[in-house]
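Student: What follows is run-v1.cif, made up of mmCIF, C-alpha atoms and all ligand atoms:
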```cif
data_coords
#
loop_
_atom_site.label_atom_id
_atom_site.label_comp_id
_atom_site.auth_asym_id
_atom_site.auth_seq_id
_atom_site.Cartn_x
_atom_site.Cartn_y
_atom_site.Cartn_z
CA MET A 1 -61.48 57.27 147.83
CA ALA A 2 -60.52 55.66 151.11
CA ASP A 3 -57.71 58.12 151.54
CA PHE A 4 -60.09 60.96 151.92
CA GLY A 5 -62.55 59.52 154.38
CA TRP A 6 -65.61 61.53 155.07
CA VAL A 7 -64.88 64.13 152.45
CA ALA A 8 -65.22 61.84 149.51
CA THR A 9 -68.16 60.09 151.09
CA ALA A 10 -69.98 63.26 151.82
CA ILE A 11 -69.39 64.71 148.42
CA THR A 12 -70.32 61.56 146.61
CA ALA A 13 -73.44 61.29 148.70
CA ALA A 14 -74.39 64.83 147.92
CA ALA A 15 -74.69 63.75 144.28
CA LEU A 16 -74.83 67.28 143.02
CA VAL A 17 -71.75 69.39 143.38
CA VAL A 18 -71.89 73.12 143.08
CA THR A 19 -68.67 74.03 141.39
CA GLY A 20 -66.68 76.89 142.69
CA CYS A 21 -68.17 79.25 145.16
CA LYS A 22 -69.27 80.26 141.99
CA ARG A 23 -71.54 78.33 139.90
CA ALA A 24 -74.98 76.95 139.87
CA ALA A 25 -77.31 78.67 142.20
CA VAL A 26 -79.69 76.74 139.93
CA PRO A 27 -79.22 72.95 139.86
CA PRO A 28 -77.67 71.67 136.62
CA ALA A 29 -79.82 69.76 134.18
CA SER A 30 -77.92 66.54 134.72
CA PRO A 31 -76.20 65.33 137.87
CA GLU A 32 -72.56 66.24 138.03
CA THR A 33 -70.10 63.50 138.62
CA ALA A 34 -68.43 63.00 141.94
CA ILE A 35 -65.06 64.59 142.29
CA ASN A 36 -62.20 62.25 141.64
CA ALA A 37 -60.60 62.19 145.04
CA ASP A 38 -58.03 59.57 144.09
CA ALA A 39 -56.22 61.58 141.50
CA ALA A 40 -52.77 62.95 142.15
CA PRO A 41 -52.40 66.50 143.42
CA ALA A 42 -51.77 69.38 141.07
CA PRO A 43 -48.44 69.21 139.26
CA GLY A 44 -45.59 70.26 141.48
CA LEU A 45 -44.59 73.81 141.03
CA LYS A 46 -41.81 75.57 142.75
CA PRO A 47 -42.53 77.82 145.70
CA ALA A 48 -40.49 80.96 145.62
CA THR A 49 -39.67 82.90 148.71
CA LEU A 50 -38.20 86.17 147.72
CA PRO A 51 -35.46 87.67 149.86
CA GLY A 52 -37.44 90.84 150.44
CA ASP A 53 -40.39 88.96 151.86
CA ILE A 54 -39.21 88.58 155.40
CA ARG A 55 -39.71 91.54 157.67
CA PRO A 56 -37.32 92.41 160.48
CA PRO A 57 -38.55 91.16 163.84
CA THR A 58 -38.02 94.29 165.89
CA LYS A 59 -41.61 95.42 166.43
CA VAL A 60 -42.86 91.97 167.38
CA ALA A 61 -40.53 91.65 170.31
CA ALA A 62 -42.20 94.60 171.99
CA LYS A 63 -45.52 92.77 172.01
CA VAL A 64 -44.35 89.71 173.86
CA THR A 65 -45.16 90.88 177.35
CA ALA A 66 -48.65 92.16 176.47
CA PRO A 67 -51.26 89.67 177.71
CA GLY A 68 -53.96 88.86 175.15
CA PRO A 69 -57.55 89.84 175.87
CA VAL A 70 -59.58 86.90 177.21
CA GLU A 71 -62.64 87.81 175.19
CA ILE A 72 -60.60 88.43 172.09
CA TRP A 73 -63.63 88.20 169.81
CA LYS A 74 -64.75 91.59 171.11
CA GLU A 75 -61.68 93.19 169.56
CA PHE A 76 -62.69 92.48 165.96
CA SER A 77 -63.83 95.69 164.32
CA GLY A 78 -66.32 95.43 161.46
CA GLU A 79 -65.49 99.02 160.54
CA ARG A 80 -61.78 98.36 160.25
CA ALA A 81 -62.44 95.20 158.24
CA PHE A 82 -64.77 97.14 155.96
CA GLU A 83 -62.07 99.75 155.35
CA GLU A 84 -59.72 97.01 154.22
CA VAL A 85 -62.43 95.68 151.91
CA ARG A 86 -62.91 99.16 150.51
CA LYS A 87 -59.19 99.46 149.73
CA GLN A 88 -59.30 96.19 147.82
CA VAL A 89 -62.40 97.15 145.86
CA GLU A 90 -61.05 100.59 144.98
CA ILE A 91 -58.21 98.94 143.07
CA GLY A 92 -60.84 97.78 140.57
CA PRO A 93 -61.08 94.32 138.98
CA ARG A 94 -58.32 92.07 140.37
CA PRO A 95 -58.09 88.92 138.26
CA ALA A 96 -55.20 86.49 138.60
CA GLY A 97 -52.09 87.60 136.74
CA SER A 98 -53.09 91.27 136.60
CA ALA A 99 -51.15 94.35 137.74
CA GLU A 100 -54.19 95.21 139.88
CA LEU A 101 -53.84 91.98 141.82
CA GLU A 102 -50.25 92.91 142.60
CA LYS A 103 -51.60 96.12 144.17
CA ALA A 104 -53.98 93.99 146.22
CA ARG A 105 -51.04 91.89 147.37
CA THR A 106 -49.13 94.94 148.50
CA LEU A 107 -52.10 96.07 150.60
CA ILE A 108 -52.41 92.65 152.21
CA GLU A 109 -48.69 92.47 152.93
CA ASP A 110 -48.65 95.97 154.40
CA GLY A 111 -51.71 95.17 156.52
CA LEU A 112 -50.15 92.05 157.97
CA ARG A 113 -46.66 93.42 158.51
CA ARG A 114 -48.08 96.47 160.25
CA THR A 115 -49.23 94.19 163.06
CA GLY A 116 -46.13 92.03 163.27
CA TRP A 117 -46.88 89.21 160.84
CA GLU A 118 -44.26 87.82 158.53
CA VAL A 119 -45.51 87.28 154.99
CA GLU A 120 -44.27 84.65 152.58
CA ARG A 121 -45.00 84.92 148.87
CA GLN A 122 -45.68 81.44 147.54
CA THR A 123 -45.24 81.96 143.81
CA PHE A 124 -45.95 79.36 141.12
CA SER A 125 -47.08 79.07 137.53
CA ASN A 126 -49.80 76.96 136.06
CA GLU A 127 -51.47 76.32 132.76
CA THR A 128 -54.91 77.86 132.41
CA PRO A 129 -57.40 78.06 129.53
CA ARG A 130 -55.76 81.44 128.82
CA GLY A 131 -52.22 80.06 128.81
CA PRO A 132 -49.61 79.98 131.58
CA VAL A 133 -50.29 82.30 134.51
CA THR A 134 -48.12 83.14 137.51
CA PHE A 135 -50.00 82.95 140.79
CA VAL A 136 -48.98 84.16 144.25
CA ASN A 137 -50.41 82.90 147.54
CA LEU A 138 -49.66 85.06 150.55
CA ILE A 139 -48.98 83.22 153.81
CA GLY A 140 -48.87 85.03 157.15
CA ARG A 141 -47.11 83.62 160.23
CA PHE A 142 -46.43 85.11 163.64
CA SER A 143 -43.68 84.64 166.21
CA PRO A 144 -44.29 85.78 169.81
CA THR A 145 -40.55 86.24 170.30
CA GLY A 146 -39.94 88.03 167.04
CA GLN A 147 -37.94 85.16 165.62
CA SER A 148 -37.30 85.56 161.89
CA PRO A 149 -37.99 83.62 159.82
CA VAL A 150 -40.95 82.55 161.91
CA PRO A 151 -40.76 78.84 162.82
CA ARG A 152 -43.14 76.77 160.74
CA ASP A 153 -44.05 74.18 163.33
CA THR A 154 -46.19 76.20 165.75
CA GLN A 155 -49.26 76.66 163.54
CA ARG A 156 -52.34 74.53 164.27
CA ALA A 157 -55.10 76.27 162.32
CA ILE A 158 -55.41 77.64 158.79
CA LEU A 159 -57.53 80.75 158.29
CA CYS A 160 -57.96 81.49 154.61
CA SER A 161 -59.67 83.44 151.84
CA HIS A 162 -59.17 84.03 148.14
CA TYR A 163 -58.19 87.53 147.09
CA ASP A 164 -58.51 87.36 143.30
CA THR A 165 -61.68 88.40 141.49
CA LYS A 166 -63.30 86.68 138.56
CA ARG A 167 -62.32 88.00 135.13
CA PHE A 168 -65.19 89.26 132.99
CA SER A 169 -65.00 90.88 129.57
CA THR A 170 -68.59 92.07 129.56
CA ILE A 171 -68.92 93.76 132.94
CA ARG A 172 -66.71 95.66 135.35
CA PHE A 173 -66.55 93.20 138.22
CA THR A 174 -64.91 94.45 141.40
CA GLY A 175 -65.91 91.57 143.71
CA ALA A 176 -66.75 93.50 146.86
CA ASN A 177 -68.22 90.42 148.47
CA ASP A 178 -66.64 87.75 146.26
CA GLY A 179 -62.94 88.25 146.94
CA GLY A 180 -63.01 91.58 148.79
CA SER A 181 -65.03 90.86 151.93
CA SER A 182 -63.09 87.87 153.21
CA THR A 183 -59.75 89.41 152.28
CA GLY A 184 -60.40 92.62 154.20
CA ALA A 185 -61.76 90.69 157.17
CA LEU A 186 -58.71 88.44 157.25
CA ILE A 187 -56.43 91.49 157.46
CA GLU A 188 -58.47 92.68 160.44
CA LEU A 189 -58.28 89.20 161.94
CA ALA A 190 -54.49 89.44 161.72
CA ARG A 191 -54.56 92.67 163.70
CA VAL A 192 -56.72 91.15 166.41
CA LEU A 193 -54.75 87.92 166.68
CA ALA A 194 -51.55 89.91 167.11
CA LEU A 195 -53.03 91.22 170.37
CA ASP A 196 -52.49 87.69 171.69
CA PRO A 197 -49.10 86.53 170.39
CA ALA A 198 -49.48 83.00 171.80
CA LEU A 199 -52.72 82.58 169.88
CA ALA A 200 -51.39 84.22 166.71
CA ALA A 201 -48.44 81.82 166.68
CA GLN A 202 -50.90 78.94 166.27
CA VAL A 203 -52.55 80.41 163.19
CA GLU A 204 -51.45 80.38 159.56
CA LEU A 205 -53.21 83.05 157.49
CA VAL A 206 -53.46 82.23 153.80
CA PHE A 207 -54.66 84.45 150.98
CA PHE A 208 -55.23 82.31 147.90
CA ASP A 209 -54.69 83.48 144.35
CA GLY A 210 -56.54 81.94 141.41
CA GLU A 211 -59.68 80.69 143.13
CA GLU A 212 -61.84 81.93 140.28
CA ALA A 213 -62.10 79.95 137.06
CA PHE A 214 -60.68 81.68 134.00
CA VAL A 215 -63.50 80.42 131.85
CA GLN A 216 -65.64 78.19 133.99
CA PHE A 217 -65.20 75.20 136.18
CA THR A 218 -64.55 72.00 134.32
CA ASP A 219 -67.31 70.34 132.39
CA PRO A 220 -69.44 68.52 134.97
CA ASP A 221 -68.87 65.22 133.21
CA GLU A 222 -65.14 65.58 133.60
CA LEU A 223 -65.07 67.29 136.97
CA ARG A 224 -61.80 66.55 138.66
CA VAL A 225 -60.31 68.92 141.11
CA ASP A 226 -56.83 68.28 139.81
CA ASN A 227 -57.42 69.69 136.39
CA ALA A 228 -60.22 72.06 137.22
CA ASP A 229 -60.10 75.59 135.91
CA GLY A 230 -59.93 77.33 139.29
CA LEU A 231 -58.75 76.72 142.88
CA PHE A 232 -55.20 77.17 141.60
CA GLY A 233 -53.83 78.72 144.78
CA SER A 234 -55.45 76.36 147.27
CA ARG A 235 -54.49 73.29 145.24
CA HIS A 236 -50.88 74.42 145.14
CA TYR A 237 -50.79 75.35 148.83
CA ALA A 238 -52.28 72.00 149.87
CA SER A 239 -49.89 70.10 147.67
CA GLN A 240 -46.93 71.92 149.21
CA LEU A 241 -48.25 71.24 152.73
CA ARG A 242 -48.49 67.57 151.96
CA LYS A 243 -45.05 67.35 150.34
CA SER A 244 -43.35 69.23 153.17
CA GLY A 245 -44.96 67.05 155.83
CA ARG A 246 -46.56 70.09 157.46
CA ALA A 247 -50.12 68.99 156.71
CA ARG A 248 -50.23 66.81 159.82
CA GLN A 249 -49.53 69.69 162.20
CA PHE A 250 -52.86 71.36 161.43
CA GLN A 251 -55.96 70.50 163.44
CA PHE A 252 -58.45 72.36 161.29
CA GLY A 253 -59.02 75.09 158.74
CA ILE A 254 -61.61 77.82 158.30
CA LEU A 255 -62.27 79.33 154.89
CA TRP A 256 -64.09 82.63 154.54
CA ASP A 257 -65.78 83.50 151.25
CA MET A 258 -68.51 86.07 150.62
CA ILE A 259 -69.06 87.02 154.26
CA GLY A 260 -70.04 90.67 153.86
CA ASP A 261 -73.64 90.62 152.60
CA ARG A 262 -75.90 92.92 154.63
CA ASP A 263 -78.38 90.07 154.68
CA LEU A 264 -76.01 87.54 156.19
CA THR A 265 -76.74 83.82 156.14
CA ILE A 266 -73.84 81.42 156.13
CA THR A 267 -74.84 78.45 153.96
CA LEU A 268 -73.14 75.40 155.41
CA GLU A 269 -72.80 72.56 152.94
CA PRO A 270 -73.80 68.97 153.81
CA GLY A 271 -70.17 67.77 153.85
CA SER A 272 -68.97 70.34 156.41
CA PRO A 273 -66.69 68.64 158.98
CA PRO A 274 -69.15 67.58 161.71
CA GLU A 275 -67.20 68.42 164.85
CA LEU A 276 -65.91 71.72 163.52
CA THR A 277 -69.42 72.64 162.43
CA ARG A 278 -70.87 71.79 165.85
CA GLU A 279 -68.25 73.84 167.64
CA ILE A 280 -68.57 76.86 165.38
CA LEU A 281 -72.34 76.80 165.73
CA ALA A 282 -71.86 76.61 169.49
CA SER A 283 -69.74 79.74 169.29
CA ALA A 284 -72.40 81.43 167.17
CA ASP A 285 -74.94 80.43 169.81
CA ALA A 286 -72.81 81.78 172.63
CA LEU A 287 -72.60 85.14 170.87
CA GLY A 288 -76.30 85.24 169.98
CA LEU A 289 -75.53 84.95 166.26
CA ARG A 290 -76.88 81.49 165.49
CA GLN A 291 -79.62 82.91 163.28
CA HIS A 292 -77.01 83.86 160.68
CA PHE A 293 -76.05 80.24 160.06
CA GLY A 294 -78.13 77.95 157.86
CA ARG A 295 -77.70 74.88 155.72
CA TYR A 296 -77.22 74.47 151.98
CA ASP A 297 -78.52 71.45 150.16
CA ARG A 298 -75.50 70.82 147.95
CA SER A 299 -71.73 70.75 148.20
CA ILE A 300 -69.85 73.88 147.25
CA LEU A 301 -66.51 73.40 145.55
CA ASP A 302 -64.26 76.09 146.94
CA ASP A 303 -60.77 76.59 148.38
CA HIS A 304 -61.51 74.38 151.39
CA TYR A 305 -61.72 71.32 149.20
CA PRO A 306 -57.97 70.77 148.58
CA LEU A 307 -57.37 71.12 152.34
CA ASN A 308 -59.98 68.51 153.18
CA ARG A 309 -58.37 66.24 150.62
CA ILE A 310 -55.12 66.31 152.58
CA ARG A 311 -57.10 65.53 155.74
CA ILE A 312 -57.21 68.93 157.32
CA PRO A 313 -60.89 69.28 158.29
CA THR A 314 -61.79 72.67 156.84
CA ILE A 315 -65.14 74.42 156.98
CA ASN A 316 -66.34 76.88 154.36
CA LEU A 317 -68.05 79.86 155.93
CA ILE A 318 -69.72 81.22 152.80
CA ASP A 319 -72.95 83.08 152.22
CA PHE A 320 -73.97 81.60 148.91
CA ASP A 321 -77.39 83.20 149.14
CA TYR A 322 -76.21 86.35 147.39
CA PRO A 323 -78.16 87.51 144.32
CA ALA A 324 -75.39 89.87 143.19
CA TRP A 325 -72.91 87.00 142.92
CA HIS A 326 -70.79 87.32 139.74
CA THR A 327 -72.61 90.45 138.59
CA ALA A 328 -71.62 94.11 138.32
CA ASP A 329 -73.82 94.63 141.38
CA ASP A 330 -71.37 92.93 143.72
CA THR A 331 -70.45 96.30 145.21
CA LEU A 332 -69.67 97.82 148.60
CA GLU A 333 -73.24 99.09 148.95
CA ARG A 334 -74.43 95.52 149.41
CA LEU A 335 -72.08 94.87 152.29
CA SER A 336 -72.14 95.89 155.91
CA PRO A 337 -69.42 96.16 158.54
CA GLU A 338 -71.76 94.37 160.95
CA SER A 339 -71.73 91.20 158.86
CA LEU A 340 -67.94 91.17 158.78
CA GLN A 341 -67.88 91.76 162.51
CA LYS A 342 -70.21 88.83 163.18
CA ILE A 343 -68.12 86.33 161.24
CA GLY A 344 -64.92 87.70 162.73
CA ALA A 345 -66.32 87.37 166.25
CA VAL A 346 -67.66 83.83 165.82
CA THR A 347 -64.36 82.73 164.33
CA LEU A 348 -62.31 84.29 167.12
CA HIS A 349 -64.60 82.83 169.77
CA TYR A 350 -63.99 79.41 168.28
CA LEU A 351 -60.24 79.96 167.94
CA ARG A 352 -60.00 80.90 171.60
CA LYS A 353 -61.88 77.72 172.53
CA ALA A 354 -59.96 75.42 170.18
CA LEU A 355 -56.47 76.80 170.61
CA GLY A 356 -56.69 78.01 174.17
CA LYS A 357 -55.24 80.94 175.97
ZN ZN B 1 -66.54 84.13 142.43
#
```
Please lay out the structure from this file as structure tokens.
Ligand SMILES: [Zn+2]
Tutor:
Amino acid sequence: MADFGWVATAITAAALVVTGCKRAAVPPASPETAINADAAPAPGLKPATLPGDIRPPTKVAAKVTAPGPVEIWKEFSGERAFEEVRKQVEIGPRPAGSAELEKARTLIEDGLRRTGWEVERQTFSNETPRGPVTFVNLIGRFSPTGQSPVPRDTQRAILCSHYDTKRFSTIRFTGANDGGSSTGALIELARVLALDPALAAQVELVFFDGEEAFVQFTDPDELRVDNADGLFGSRHYASQLRKSGRARQFQFGILWDMIGDRDLTITLEPGSPPELTREILASADALGLRQHFGRYDRSILDDHYPLNRIRIPTINLIDFDYPAWHTADDTLERLSPESLQKIGAVTLHYLRKALGK
């Protein structure tokens, strides 16, 4: 437990753990056990960078001389983000391992490359309750000079989202908010960051596969992140960061999940990294958006957890107060471009402050 400092303490203290962005709006009948923070990371699985993944650097070089806007948060367009969400949702259900999720990947890759980002496919396989599944995380990096491959030692912050949707056999679940909203907004964030190459170079954008449990998160009595049914992509990414020695170069992470609800209230969990939380709330204050941030009374097990375990303080900006969660009603009609814009702006305001000009 000592290895994981405040994370383990906070989660143990919380006593009840909401598993996955995704379970238990209602408290379970019996307390769930604390997560086993001492266990070894997920089994090592090979990353695969495909030769076709690296884009030529030509367009990036042209951007080098353009100075970035000082108030970069004003550049984030809720409408553009919403259009990216729409494209994801129109693919239909996008569970891990499906042909539809490959279409989602192509859209993400196109979106990032369009604005000068290089995209790595981090491919791996893992056992699931439905048998072995191949997962693909997408990782975006940016070089101000157009260097290719982009150097991997300039990034200081991880901005991430999951892009898979939960598999249901009984309903047609297209995950507009849960999977779609944060993915579309992250593509828009890439566009905005590219306006300031020096800032973009300090950010690693990560789109996680396999956040959603295939069946459900592990039995509460046996809850261990390492063998949980879910968080496949973030567990693998974190384990690779740790093994490669890159984990120590990151100052913080920000996870977005379900950020598009028209009625937006970010539900910050008790274990949120204190300094990061203070600073992000200060940014929300500065932009007059503090009223959209509240507190949640339990921990939420989501893709930020494996990053916190490797000591990258990562906050989960999630609106878990969403009645349509994991229902057929999680549709575009429940979302608004304004909500996406607000989270994009607060995040960019903080990034400017934390990473400088
Ligand atoms: Zn979900």
Student: Quick one: residues within 12 Å of ligand ZN 1 (chain B), with all atoms listed in the file, as a PyMOL selection string?
Tutor: chain A and resi 19-24+94-95+161-168+173-182+210-217+230-231+257-258+300-303+318-320+322+324-328+330
Student: Which one of A:Glu188, A:Glu75, A:Asp263, A:Glu100 sits closest to His349 (chain A) if you count all atoms listed in the file?
Tutor: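 Counting all atoms listed in the file, the residue closest to His349 (chain A) is A:Glu75.
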Student: Considering only C-alpha atoms, return as an MDAnalysis selection string whatever protein or nucleic-acid residues lie within 12 Å of Glu71 (chain A), sequence-local ones (same chain, fewer than 3 positions apart) excluded.
Tutor: chainID A and resid 67:68 74:76 192:193 195:196 287 345:346 348:353 356:357
Student: Give me, as a PyMOL selection string, all polymer residues having an atom no more than 9 Å from Ala247 (chain A), counting all atoms listed in the file and skipping those fewer than 5 positions away in the same chain.
Tutor: chain A and resi 238+240-242+307+310-312
Student: CA of Arg105 (chain A) to CA of Leu332 (chain A): how many Å, to one decimal?
Tutor: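 Result for CA of Arg105 (chain A) versus CA of Leu332 (chain A): 19.6 Å, one decimal.
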Student: Counting only C-alpha atoms, figure out which residue out of A:Asp285, A:Glu79, A:Asp153, A:Asp329 gets nearest to Arg248 (chain A).
Tutor: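 The closest residue to Arg248 (chain A) is A:Asp153.
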Student: Quick one, how far is CA of Pro270 (chain A) from CA of Thr314 (chain A)?
Tutor: 12.9 Å
Student: When distances are computed from only C-alpha atoms, which of A:Gln88, A:Thr106, A:Asn137, A:Thr154 shows the smallest separation from Gln251 (chain A)?
Tutor: A:Thr154
Student: Which neighbours of Leu335 (chain A) fall inside 6 Å, counting only C-alpha atoms, when residues of the same chain fewer than 6 positions from it are skipped, and could you give them as a list of chain:residue names?
Tutor: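 Near Leu335 (chain A), the qualifying residues are A:Gly260, A:Asp261, A:Arg262.
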Student: For the selection you just gave me, I'd like the residues written to a file as a JSON list (two decimals), keeping the file's coordinate frame, keeping C-alpha atoms.
Tutor:
```json
[["chain", "number", "residue", "atom", "x", "y", "z"],
["A", 260, "GLY", "CA", -70.04, 90.67, 153.86],
["A", 261, "ASP", "CA", -73.64, 90.62, 152.60],
["A", 262, "ARG", "CA", -75.90, 92.92, 154.63]]
```
Student: From the list A:Arg141, A:Arg309, A:Lys342, A:Arg130, which residue is nearest Leu289 (chain A) when using only C-alpha atoms?
Tutor: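 With only C-alpha atoms as the atom set, the closest residue is A:Lys342.
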Student: Need the neighbours of (-52.6, 79.3, 165.1): which residues are at most 9 Å away, counting all atoms listed in the file, as a list in words?
Tutor: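 Neighbouring residues, ordered by chain and number, come to Arg141, Phe142, Thr154, Gln155, Arg156, Ala157, Ile158, Leu159, Ala198, Leu199, Ala200, Ala201, Gln202, Val203, Glu204, Leu205, Phe250, Leu351 and Leu355 of chain A.
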Student: Just to be explicit: take each residue in the selection above, keep C-alpha atoms, and write the result as an mmCIF file, in the frame of the given file.
Tutor:
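Saved result, out32.cif, follows:
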```
data_model
loop_
_atom_site.group_PDB
_atom_site.id
_atom_site.type_symbol
_atom_site.label_atom_id
_atom_site.label_comp_id
_atom_site.auth_asym_id
_atom_site.auth_seq_id
_atom_site.Cartn_x
_atom_site.Cartn_y
_atom_site.Cartn_z
ATOM 1 C CA ARG A 141 -47.110 83.620 160.230
ATOM 2 C CA PHE A 142 -46.430 85.110 163.640
ATOM 3 C CA THR A 154 -46.190 76.200 165.750
ATOM 4 C CA GLN A 155 -49.260 76.660 163.540
ATOM 5 C CA ARG A 156 -52.340 74.530 164.270
ATOM 6 C CA ALA A 157 -55.100 76.270 162.320
ATOM 7 C CA ILE A 158 -55.410 77.640 158.790
ATOM 8 C CA LEU A 159 -57.530 80.750 158.290
ATOM 9 C CA ALA A 198 -49.480 83.000 171.800
ATOM 10 C CA LEU A 199 -52.720 82.580 169.880
ATOM 11 C CA ALA A 200 -51.390 84.220 166.710
ATOM 12 C CA ALA A 201 -48.440 81.820 166.680
ATOM 13 C CA GLN A 202 -50.900 78.940 166.270
ATOM 14 C CA VAL A 203 -52.550 80.410 163.190
ATOM 15 C CA GLU A 204 -51.450 80.380 159.560
ATOM 16 C CA LEU A 205 -53.210 83.050 157.490
ATOM 17 C CA PHE A 250 -52.860 71.360 161.430
ATOM 18 C CA LEU A 351 -60.240 79.960 167.940
ATOM 19 C CA LEU A 355 -56.470 76.800 170.610
#
```
Student: From the list A:Gly233, A:Pro313, A:Gly140, A:Pro69, which residue is nearest Leu186 (chain A) when using all atoms listed in the file?
Tutor: A:Gly140
Student: For a cutoff of 10 Å around the file-coordinate point (-45.5, 80.8, 136.4), which residues qualify once you count only C-alpha atoms? I'd like the result as a PDB file with C-alpha atoms, in the frame of the given file.
Tutor:
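New file out_18.pdb:
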```pdb
ATOM      1  CA  LEU A  45     -44.590  73.810 141.030  1.00  0.00           C
ATOM      2  CA  LYS A  46     -41.810  75.570 142.750  1.00  0.00           C
ATOM      3  CA  GLY A  97     -52.090  87.600 136.740  1.00  0.00           C
ATOM      4  CA  THR A 123     -45.240  81.960 143.810  1.00  0.00           C
ATOM      5  CA  PHE A 124     -45.950  79.360 141.120  1.00  0.00           C
ATOM      6  CA  SER A 125     -47.080  79.070 137.530  1.00  0.00           C
ATOM      7  CA  ASN A 126     -49.800  76.960 136.060  1.00  0.00           C
ATOM      8  CA  GLU A 127     -51.470  76.320 132.760  1.00  0.00           C
ATOM      9  CA  PRO A 132     -49.610  79.980 131.580  1.00  0.00           C
ATOM     10  CA  VAL A 133     -50.290  82.300 134.510  1.00  0.00           C
ATOM     11  CA  THR A 134     -48.120  83.140 137.510  1.00  0.00           C
ATOM     12  CA  PHE A 135     -50.000  82.950 140.790  1.00  0.00           C
ATOM     13  CA  VAL A 136     -48.980  84.160 144.250  1.00  0.00           C
TER      14      VAL A 136
END
```
Student: In Å, how far is it from CA of Pro197 (chain A) to CA of Ile139 (chain A)?
Tutor: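 Separation between CA of Pro197 (chain A) and CA of Ile139 (chain A): 16.9 Å.
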Student: Counting all atoms listed in the file, which of A:His236, A:Arg298, A:Arg86, A:Arg114 gets nearest to Leu138 (chain A)?
Tutor: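 Among the listed residues, A:His236 lies closest to Leu138 (chain A).
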